[in-house]
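Below: my_file31.txt (compact mmCIF, C-alpha atoms)
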# COMPACT_ATOMS: atom_id res chain seq x y z
CA MET A 19 39.15 123.20 92.16
CA GLU A 20 37.57 126.62 91.73
CA ASN A 21 39.07 129.04 94.26
CA GLN A 22 37.08 131.85 95.87
CA ASN A 23 38.33 134.72 98.06
CA PRO A 24 41.67 133.24 99.20
CA VAL A 25 43.27 134.59 102.35
CA ILE A 26 47.07 134.32 102.08
CA SER A 27 49.61 135.73 104.51
CA ILE A 28 53.00 135.08 106.08
CA THR A 29 53.51 135.64 109.80
CA GLU A 30 56.51 134.49 111.83
CA ASN A 31 57.87 132.65 108.80
CA VAL A 32 54.68 130.59 108.40
CA LEU A 33 52.57 130.65 105.23
CA HIS A 34 48.84 130.70 106.01
CA PHE A 35 46.34 129.77 103.31
CA LYS A 36 42.56 129.65 103.50
CA ALA A 37 40.01 129.68 100.68
CA GLN A 38 36.49 128.65 99.82
CA GLY A 39 36.54 126.30 96.84
CA HIS A 40 34.33 124.07 94.77
CA GLY A 41 36.02 120.70 94.26
CA ALA A 42 35.08 117.06 93.73
CA LYS A 43 33.22 117.00 97.04
CA GLY A 44 31.32 120.22 96.48
CA ASP A 45 31.92 123.53 98.31
CA ASN A 46 34.52 123.30 101.06
CA VAL A 47 36.97 125.44 103.00
CA TYR A 48 40.56 124.55 102.15
CA GLU A 49 43.24 125.56 104.64
CA PHE A 50 46.87 124.81 105.43
CA HIS A 51 49.87 126.28 107.29
CA LEU A 52 53.45 125.83 106.13
CA GLU A 53 56.47 126.79 108.26
CA PHE A 54 59.55 127.36 106.10
CA LEU A 55 63.02 126.02 106.86
CA ASP A 56 64.64 129.46 106.78
CA LEU A 57 63.59 133.10 106.71
CA VAL A 58 61.36 134.34 103.88
CA LYS A 59 60.00 137.75 102.96
CA PRO A 60 56.59 138.35 104.59
CA GLU A 61 54.93 139.61 101.39
CA PRO A 62 53.68 136.64 99.33
CA ILE A 63 52.64 137.23 95.73
CA TYR A 64 49.83 135.15 94.33
CA LYS A 65 47.88 134.80 91.11
CA LEU A 66 44.33 133.46 91.11
CA THR A 67 42.92 131.40 88.23
CA GLN A 68 39.75 129.35 87.91
CA ARG A 69 41.56 126.11 88.76
CA GLN A 70 44.43 127.05 91.03
CA VAL A 71 46.27 129.62 93.12
CA ASN A 72 49.92 130.24 92.22
CA ILE A 73 51.80 131.59 95.28
CA THR A 74 55.32 133.01 95.03
CA VAL A 75 57.36 133.32 98.24
CA GLN A 76 60.85 134.85 98.17
CA LYS A 77 63.71 133.83 100.44
CA LYS A 78 65.32 136.59 102.49
CA VAL A 79 68.75 135.20 101.59
CA SER A 80 69.28 133.62 98.18
CA GLN A 81 70.77 130.21 99.00
CA TRP A 82 70.02 126.48 98.60
CA TRP A 83 67.85 124.80 101.21
CA GLU A 84 68.10 121.10 101.98
CA ARG A 85 64.29 121.04 102.19
CA LEU A 86 61.33 123.43 102.05
CA THR A 87 59.76 123.09 105.49
CA LYS A 88 61.12 123.29 109.02
CA GLN A 89 59.69 119.90 109.86
CA GLU A 90 61.80 117.10 108.40
CA LYS A 91 58.84 114.99 107.30
CA ARG A 92 57.17 116.36 104.18
CA PRO A 93 53.45 117.16 104.62
CA LEU A 94 51.20 114.69 102.79
CA PHE A 95 49.51 117.41 100.72
CA LEU A 96 52.85 118.81 99.50
CA ALA A 97 54.44 117.56 96.27
CA PRO A 98 57.10 119.10 93.99
CA ASP A 99 56.11 120.56 90.64
CA PHE A 100 58.72 119.01 88.33
CA ASP A 101 57.85 121.45 85.55
CA ARG A 102 59.60 124.10 87.66
CA TRP A 103 61.99 121.91 89.66
CA LEU A 104 65.67 122.78 89.60
CA ASP A 105 68.54 121.14 91.45
CA GLU A 106 71.84 122.94 91.94
CA SER A 107 73.44 121.63 88.73
CA ASP A 108 70.35 122.53 86.69
CA ALA A 109 70.31 126.03 88.15
CA GLU A 110 74.00 126.49 87.43
CA MET A 111 73.42 125.46 83.81
CA GLU A 112 70.45 127.80 83.56
CA LEU A 113 72.40 130.72 85.04
CA ARG A 114 75.34 129.98 82.75
CA ALA A 115 73.02 129.85 79.74
CA LYS A 116 71.47 133.18 80.72
CA GLU A 117 74.90 134.71 81.24
CA GLU A 118 76.07 133.38 77.88
CA GLU A 119 72.93 134.77 76.28
CA ARG A 120 73.58 138.16 77.89
CA LEU A 121 77.23 138.18 76.77
CA ASN A 122 76.27 137.07 73.27
CA LYS A 123 73.73 139.88 73.12
CA LEU A 124 76.36 142.44 74.17
CA ARG A 125 78.79 140.96 71.66
CA LEU A 126 76.23 141.13 68.88
CA GLU A 127 75.34 144.72 69.74
CA SER A 128 78.99 145.72 69.55
CA GLN A 129 79.73 143.81 66.36
CA GLY A 130 76.74 144.48 64.16
CA SER A 131 73.12 143.73 63.43
CA PRO A 132 71.84 141.04 65.87
CA GLU A 133 69.49 139.57 63.28
CA THR A 134 72.30 139.15 60.76
CA LEU A 135 74.68 137.49 63.22
CA ILE A 136 71.98 135.18 64.59
CA SER A 137 71.14 134.15 61.03
CA LEU A 138 74.82 133.44 60.33
CA LYS A 139 75.07 131.39 63.54
CA LYS A 140 71.98 129.35 62.65
CA GLY A 141 73.26 128.86 59.10
CA TYR A 142 76.64 127.67 60.37
CA LEU A 143 75.04 125.21 62.85
CA PHE A 144 72.58 124.04 60.19
CA MET A 145 75.40 123.20 57.75
CA TYR A 146 77.50 121.46 60.41
CA ASN A 147 74.61 119.26 61.56
CA LEU A 148 73.60 118.54 57.96
CA VAL A 149 77.12 117.37 57.05
CA GLN A 150 77.27 115.14 60.12
CA PHE A 151 73.81 113.73 59.42
CA LEU A 152 74.77 112.90 55.83
CA GLY A 153 77.95 111.16 57.00
CA PHE A 154 76.36 109.04 59.71
CA SER A 155 73.22 108.25 57.69
CA TRP A 156 75.39 107.09 54.78
CA MET A 157 77.26 104.72 57.09
CA PHE A 158 74.04 103.51 58.74
CA VAL A 159 72.30 102.78 55.42
CA ASN A 160 75.45 101.23 53.92
CA MET A 161 75.99 98.88 56.87
CA THR A 162 72.28 97.95 56.95
CA VAL A 163 72.12 97.13 53.23
CA ARG A 164 75.39 95.17 53.34
CA PHE A 165 74.11 93.15 56.31
CA PHE A 166 70.90 92.18 54.49
CA ILE A 167 72.82 91.24 51.34
CA LEU A 168 75.93 89.59 52.83
CA GLY A 169 74.73 88.62 56.30
CA LYS A 170 77.41 88.06 58.93
CA GLU A 171 80.13 88.28 56.28
CA SER A 172 79.59 92.05 56.20
CA PHE A 173 80.83 92.31 59.81
CA TYR A 174 84.43 91.53 58.97
CA ASP A 175 85.19 94.25 56.40
CA THR A 176 83.24 97.08 58.04
CA PHE A 177 86.39 99.00 58.93
CA HIS A 178 87.76 98.96 55.39
CA THR A 179 84.47 100.17 53.86
CA MET A 180 83.50 102.72 56.52
CA ALA A 181 86.75 103.95 58.06
CA ASP A 182 87.31 107.03 55.86
CA VAL A 183 83.84 108.47 56.50
CA MET A 184 83.98 107.56 60.19
CA TYR A 185 87.39 109.23 60.54
CA PHE A 186 86.00 112.39 58.95
CA SER A 187 82.79 112.48 61.01
CA GLN A 188 84.42 111.75 64.36
CA MET A 189 87.20 114.27 63.83
CA LEU A 190 84.67 116.88 62.73
CA ALA A 191 82.82 116.30 66.00
CA VAL A 192 85.47 118.42 67.75
CA VAL A 193 83.41 121.37 66.46
CA GLU A 194 80.72 120.53 69.05
CA THR A 195 83.20 120.83 71.92
CA ILE A 196 84.59 124.07 70.50
CA ASN A 197 81.07 125.49 70.11
CA ALA A 198 80.33 124.70 73.76
CA VAL A 199 83.60 126.25 74.95
CA ILE A 200 83.24 129.56 73.05
CA GLY A 201 79.49 129.87 73.71
CA VAL A 202 78.11 129.27 70.23
CA THR A 203 75.85 126.64 71.81
CA SER A 204 74.68 126.33 75.42
CA SER A 205 75.64 122.64 75.67
CA PRO A 206 77.87 121.67 78.64
CA VAL A 207 81.50 121.11 77.67
CA ILE A 208 82.29 117.94 79.67
CA PRO A 209 79.79 115.48 78.09
CA SER A 210 80.74 116.66 74.59
CA LEU A 211 84.47 116.35 75.33
CA VAL A 212 84.08 112.92 76.95
CA GLN A 213 82.25 111.56 73.91
CA PHE A 214 84.71 113.10 71.43
CA LEU A 215 87.83 111.78 73.19
CA GLY A 216 86.31 108.37 73.96
CA ARG A 217 85.15 107.63 70.44
CA ASN A 218 88.36 108.83 68.83
CA PHE A 219 90.45 106.72 71.21
CA ILE A 220 88.55 103.63 70.08
CA LEU A 221 88.64 104.67 66.43
CA PHE A 222 92.29 105.73 66.11
CA ILE A 223 94.11 103.69 68.79
CA ILE A 224 92.14 100.44 69.07
CA PHE A 225 90.97 100.10 65.45
CA GLY A 226 93.18 102.39 63.38
CA ASN A 227 96.54 101.39 64.93
CA VAL A 228 95.90 97.66 65.30
CA GLU A 229 95.48 95.95 61.94
CA GLU A 230 94.41 92.72 63.62
CA MET A 231 91.36 94.49 65.10
CA GLN A 232 90.14 95.85 61.76
CA ASN A 233 88.73 92.50 60.61
CA LYS A 234 86.80 91.75 63.80
CA ALA A 235 82.99 91.79 64.00
CA VAL A 236 83.04 94.19 66.96
CA VAL A 237 83.91 97.02 64.56
CA PHE A 238 80.50 96.63 62.91
CA PHE A 239 78.64 96.85 66.22
CA VAL A 240 80.60 99.90 67.42
CA PHE A 241 80.13 101.78 64.13
CA TYR A 242 76.47 100.76 63.82
CA LEU A 243 75.53 101.86 67.34
CA TRP A 244 77.38 105.18 66.97
CA SER A 245 75.53 105.82 63.70
CA THR A 246 72.14 104.82 65.16
CA ILE A 247 72.47 107.48 67.85
CA GLU A 248 73.52 110.23 65.44
CA ILE A 249 70.93 109.69 62.69
CA PHE A 250 68.31 110.93 65.18
CA ARG A 251 70.40 113.52 67.02
CA TYR A 252 71.60 115.57 64.06
CA PRO A 253 68.21 115.89 62.27
CA PHE A 254 66.75 117.14 65.57
CA TYR A 255 69.38 119.91 65.66
CA ILE A 256 68.82 120.69 61.97
CA LEU A 257 65.11 121.32 62.59
CA TYR A 258 65.96 123.31 65.73
CA CYS A 259 68.10 125.65 63.60
CA ILE A 260 65.08 126.47 61.43
CA ASP A 261 62.69 126.72 64.40
CA MET A 262 60.82 123.50 63.65
CA ASP A 263 59.76 120.79 66.09
CA TRP A 264 58.70 117.39 64.79
CA LYS A 265 57.31 115.57 67.83
CA VAL A 266 58.20 112.06 66.60
CA LEU A 267 61.81 113.03 65.90
CA THR A 268 62.04 114.90 69.20
CA TRP A 269 60.81 111.84 71.09
CA LEU A 270 63.29 109.61 69.25
CA ARG A 271 66.15 112.02 69.95
CA TYR A 272 65.39 111.93 73.69
CA THR A 273 64.66 108.18 73.84
CA VAL A 274 66.88 106.21 71.42
CA TRP A 275 69.97 106.89 73.55
CA ILE A 276 68.49 104.91 76.48
CA PRO A 277 69.34 101.50 74.94
CA THR A 278 71.97 102.57 72.39
CA TYR A 279 74.40 104.40 74.71
CA PRO A 280 74.90 101.44 77.09
CA LEU A 281 75.10 99.03 74.14
CA GLY A 282 77.62 101.29 72.41
CA CYS A 283 79.79 101.44 75.54
CA LEU A 284 79.53 97.66 75.91
CA ALA A 285 80.73 97.23 72.32
CA GLU A 286 83.65 99.61 73.04
CA VAL A 287 84.58 97.58 76.13
CA VAL A 288 84.53 94.36 74.06
CA ALA A 289 86.81 96.01 71.50
CA VAL A 290 89.29 97.08 74.21
CA ILE A 291 89.28 93.60 75.79
CA GLN A 292 89.88 91.94 72.40
CA SER A 293 92.81 94.30 71.72
CA ILE A 294 94.65 93.62 75.00
CA PRO A 295 96.25 90.28 73.93
CA ILE A 296 97.33 91.88 70.63
CA PHE A 297 99.01 94.82 72.40
CA ASN A 298 100.71 92.38 74.80
CA GLU A 299 102.01 90.26 71.92
CA THR A 300 103.26 93.14 69.76
CA GLY A 301 104.46 95.35 72.62
CA ARG A 302 103.03 98.36 70.82
CA PHE A 303 102.94 101.52 72.99
CA SER A 304 104.62 99.64 75.86
CA PHE A 305 107.76 101.13 77.45
CA THR A 306 110.41 100.43 80.08
CA LEU A 307 110.98 102.78 82.99
CA PRO A 308 114.54 104.18 83.23
CA TYR A 309 117.32 102.84 85.50
CA PRO A 310 117.27 101.85 88.34
CA VAL A 311 113.60 100.80 88.13
CA LYS A 312 113.74 99.11 84.72
CA ILE A 313 110.14 97.89 84.88
CA LYS A 314 108.32 97.27 81.63
CA VAL A 315 104.94 98.98 81.57
CA ARG A 316 102.58 97.31 79.15
CA PHE A 317 100.01 99.40 77.29
CA SER A 318 97.44 96.78 78.25
CA PHE A 319 97.67 98.07 81.84
CA PHE A 320 96.34 101.46 80.68
CA LEU A 321 93.66 99.73 78.60
CA GLN A 322 92.37 97.97 81.70
CA ILE A 323 92.12 101.34 83.44
CA TYR A 324 90.46 102.76 80.34
CA ILE A 325 87.66 100.18 80.62
CA ILE A 326 86.75 101.82 83.94
CA VAL A 327 86.97 105.23 82.27
CA ILE A 328 84.46 104.09 79.61
CA PHE A 329 81.88 103.35 82.30
CA LEU A 330 82.59 106.70 83.98
CA GLY A 331 82.02 108.40 80.63
CA LEU A 332 78.79 106.45 80.23
CA TYR A 333 77.63 107.75 83.63
CA ILE A 334 78.47 111.37 82.74
CA ASN A 335 76.66 111.29 79.40
CA PHE A 336 73.76 109.20 80.71
CA ARG A 337 73.21 111.68 83.55
CA HIS A 338 73.36 114.63 81.15
CA LEU A 339 70.91 113.05 78.70
CA TYR A 340 68.58 111.94 81.49
CA LYS A 341 68.38 115.53 82.77
CA GLN A 342 67.61 116.76 79.26
CA ARG A 343 64.85 114.16 78.89
CA ARG A 344 63.42 114.90 82.33
CA ARG A 345 63.20 118.61 81.56
CA ARG A 346 61.25 117.88 78.38
CA TYR A 347 59.19 114.86 79.43
CA GLY A 348 59.38 115.04 83.25
CA GLN A 349 56.52 113.40 85.11
CA LYS A 350 54.00 116.01 86.17
CA LYS A 351 53.04 115.95 89.82
CA LYS A 352 49.77 117.12 91.31
CA LYS A 353 49.92 120.78 92.32
CA ILE A 354 48.58 122.34 95.53
CA HIS A 355 45.14 123.79 94.86
The structure in this file should be written as structure tokens.
Amino acid sequence: MENQNPVISITENVLHFKAQGHGAKGDNVYEFHLEFLDLVKPEPIYKLTQRQVNITVQKKVSQWWERLTKQEKRPLFLAPDFDRWLDESDAEMELRAKEEERLNKLRLESQGSPETLISLKKGYLFMYNLVQFLGFSWMFVNMTVRFFILGKESFYDTFHTMADVMYFSQMLAVVETINAVIGVTSSPVIPSLVQFLGRNFILFIIFGNVEEMQNKAVVFFVFYLWSTIEIFRYPFYILYCIDMDWKVLTWLRYTVWIPTYPLGCLAEVVAVIQSIPIFNETGRFSFTLPYPVKIKVRFSFFLQIYIIVIFLGLYINFRHLYKQRRRRYGQKKKKIH
């Protein structure tokens, strides 16, 4: 719609809009009134373009509103613009990122040339992501080739052929959590920590400590799904470090996790369930409470609780990744014209 001579004002906390415009039905007068939920400043700011009017209204008190308008039912012509939408958690992340950026800037100014330090940071992140990509891609290709050559037989010796590289890659992943904690990256700490601890529990406790588990087919599926996720994630970060954006890789990075994360968690749950009888039989990690209780606490009890924890971790990471995908590929809603 082409806008002409808009009249925009705020009186008694109500936004008044009126404009002559040329739309699909020819020349018409477009008009609406919007009463806000709480007090706003009576000086709206607007920018006029050929297709739309962008109006900015500031709250008198900076706080979260449960809705925009005083009336509970949303007006039919009003729809959110998800390109600019923020919920409280998004805003907190954005504010934290801006604060980290400000602190990093002050730190760089006090320590030396900003360009030099930024280059060093990008070089460090580039090398880390490259090493991780090489590790996971080697495992992915190796397992794929072995499957096509040996078929199902390749499932049962996956641990013995892949364990050393998987140990290295999963332990090295602690760098991602450290980077988030000290502000090298703006990633949230919790999802990174949940993934690091969860994977290493499966790798070191369920597989590494139980020899009977190392020859089971579930090892192949856990390792293969972990590797499938990372062979798209780490190249995306590598290109980001050198300011490149390959649309196909970006789409894969923000999409592949949708089936692979739940499948990976399902494979981890299967591995835990298969290990429970073995832990019960061997008594490994079980203990007896001291006198006078003298109750034997089996490690399998904690494994059953851990199965619930796996699904909680899936929810945390799924929610984090969904928000990332929504910010990049969020559905665009029709704006008010």
Nearest-residue call for A:Asp56, choices A:Gln81, A:Thr74, A:His34, A:Pro253, using only C-alpha atoms: A:Gln81
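Across A:Asp182, A:Glu117, A:Glu133, A:Glu248, the tightest approach to A:Leu152 is made by A:Glu248 when counting all atoms listed in the file.
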Shell around A:Ala285 at 12 Å using all atoms listed in the file, local window under 6 positions removed, as a list in words: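 Selected residues are Arg217, Ile220, Lys234, Ala235, Val236, Val237, Phe238, Phe239, Val240, Phe241, Tyr242, Leu243, Trp244, Thr278, Tyr279, Ile291, Gln292, Ile325, Ile328 and Phe329 of chain A.
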Can you work out which one of A:Cys259, A:Ile294, A:Leu281, A:Val199 has the shortest atom-to-atom distance to A:Tyr324, counting all atoms listed in the file?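 Ranking A:Cys259, A:Ile294, A:Leu281, A:Val199 by distance to A:Tyr324, first place goes to A:Ile294.
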Can you pull out the residues contacting A:Ser205? Cut-off 10 Å, using all atoms listed in the file, and skip same-chain residues under 2 positions away; I want them as a PyMOL selection string. chain A and resi 111+115+194-195+197-199+201-203+207-210+338
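Between atom CA of A:Arg302 and atom CA of A:Gln213 the interatomic distance comes to 24.8 Å.
Residues within 8 Å of A:Leu86, counting only C-alpha atoms and excluding same-chain residues fewer than 3 positions away, are Phe54, Leu55 and Trp83 of chain A.
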Just-selected residues, C-alpha atoms written as a compact mmCIF listing (two decimals), in the coordinates of the input:
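And here is the file that came out, result-v4.txt:
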# COMPACT_ATOMS: atom_id res chain seq x y z
CA PHE A 54 59.55 127.36 106.10
CA LEU A 55 63.02 126.02 106.86
CA TRP A 83 67.85 124.80 101.21
Counting all atoms listed in the file, the option among A:Glu230, A:Asp261, A:Glu90, A:Glu53 closest to A:Ile28: A:Glu53
So which residues touch stretch 157-167 of chain A within 7 Å, counting all atoms listed in the file, skipping near sequence neighbours fewer than 6 positions away, as a PyMOL selection string? chain A and resi 180+242+245-246
Any idea what's packed within 6 Å of A:Ala37, counting only C-alpha atoms, ignoring anything in its chain fewer than 3 positions away? Could you give it as an MDAnalysis selection string? chainID A and resid 23:24 47:48
Kindly indicate which residue among A:Val212, A:Ile260, A:Leu143, A:Ile26 lies nearest to A:Ile334, using only C-alpha atoms for the distances.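 Using only C-alpha atoms, the shortest distance to A:Ile334 belongs to A:Val212.
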